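Accompanying notes for the structure given below.
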Amino acid sequence: MSKQIVHHQSQSLWNYTLSPGWTMKEVEILNLALMKFGIGKWRKIINSECLPGKSIGQIYMQTQRLLGQQSLGEFMGLQVDLKKVYLHNMQKKNVFRKNNSIINTGDNMTQEERKKRIAENKKNFGISIADIALIKLPRYHVNSQTSFLSHDEIMEGNFTTVEKINNLCALKKDILRKLSKIENGELEEAFDDEIEQKRRYKKVMTDSDSSSA
């Protein structure tokens, strides 16, 4: 991958589909974030503040569409050329698709099969350390709170059992924290702050789109 592709890939992104609530600009940023941090590094992406207001569930689903497949297990932890993966998947025949993404209709991979696939995908689609170092992400200075998957997103998502347990535990902690704030009369003020932060972020994104038009 060249320096030009890393920084100007947004000018001709592949024919992926947008998940609800996403703009083209945000997907361009997500593409760079996935290459920089790796697929599955959802917390790192959120903590980088390049996509404030996006939940792990939203990032997960848009990542599926960028890769062109619903199952992400064979790419977890990898920093890859997402466009190359997508085009590779689009060439596959005799597969079931939804929103241009391949649906897994077979048995789940074993741990050994998954390790083998990850190694193969790293070899075929991985990007170099030098290219990763060139990736620059925007950072929007809004103190957005960490977003969590909903119960339905966790149970219906294509997660492993361990991933479901970890996400449910994180959701439980967040619910308990919010319940405590309700009891102390703090939650309404926190929600007002979050709404204002999201309003400022949307304005920044709008101004960015206008200046690049």
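Each chain of the structure tokens is named A, B, ... in the order shown, its residues numbered from 1; ligands are numbered from 1 in display order.
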Enumerate as a ChimeraX atom specification all residues of region 47-175 of chain A assigned to helix (DSSP H, G or I) by DSSP on the backbone, naming them with the chain letters and numbers the document uses. /A:47,56-67,73-75,82-90,111-125,129-134,151-156,161-175
Give one line per residue of region 107-127 of chain A that approaches region 75-93 of chain A to at most 7 Å, naming the two atoms of the closest pair and their distance in Å to one decimal, counting only C-alpha atoms; sort by chain then ascending residue number and deliver it as a Markdown table.
```
| residue | atom | partner | partner_atom | distance |
| --- | --- | --- | --- | --- |
| A:Ile118 | CA | A:Phe75 | CA | 5.7 |
| A:Asn121 | CA | A:Phe75 | CA | 6.9 |
| A:Lys122 | CA | A:Leu78 | CA | 6.5 |
| A:Phe125 | CA | A:Val80 | CA | 5.2 |
| A:Gly126 | CA | A:Val80 | CA | 4.2 |
| A:Ile127 | CA | A:Val80 | CA | 5.3 |
```
Which residue is closest to Leu149 (chain A)? Choose from A:Lys136, A:Arg43, A:Lys123, A:Lys25 and count only C-alpha atoms.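 The answer is A:Arg43, which sits nearest to Leu149 (chain A).
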Which of region 74-181 of chain A end up as strand (DSSP E or B) when DSSP is run on this backbone - answer as a list of chain:residue names? A:Val80, A:Arg97, A:Lys98, A:Ser101, A:Ile102, A:Gly126
Option closest in space to Asp131 (chain A), from A:Leu32, A:Cys169, A:Met155, A:Ile56 [counting only C-alpha atoms]: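 Among A:Leu32, A:Cys169, A:Met155, A:Ile56, it is A:Leu32 that comes nearest to Asp131 (chain A).
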Skip Ile46 (chain A) itself and residues of its chain fewer than 4 positions away, then list as a count of residues only all residues within 9 Å of it, counting only C-alpha atoms. 11
Between CA of Gln62 (chain A) and CA of Ser19 (chain A), what distance in Å does the model show, to one decimal?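 Spanning CA of Gln62 (chain A) to CA of Ser19 (chain A) is a straight-line distance of 5.7 Å.
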Looking at only C-alpha atoms, which of A:Arg97, A:Glu113, A:Asp174, A:Glu153 is the one that sits closest to Gln58 (chain A)?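 Counting only C-alpha atoms, the residue closest to Gln58 (chain A) is A:Glu153.
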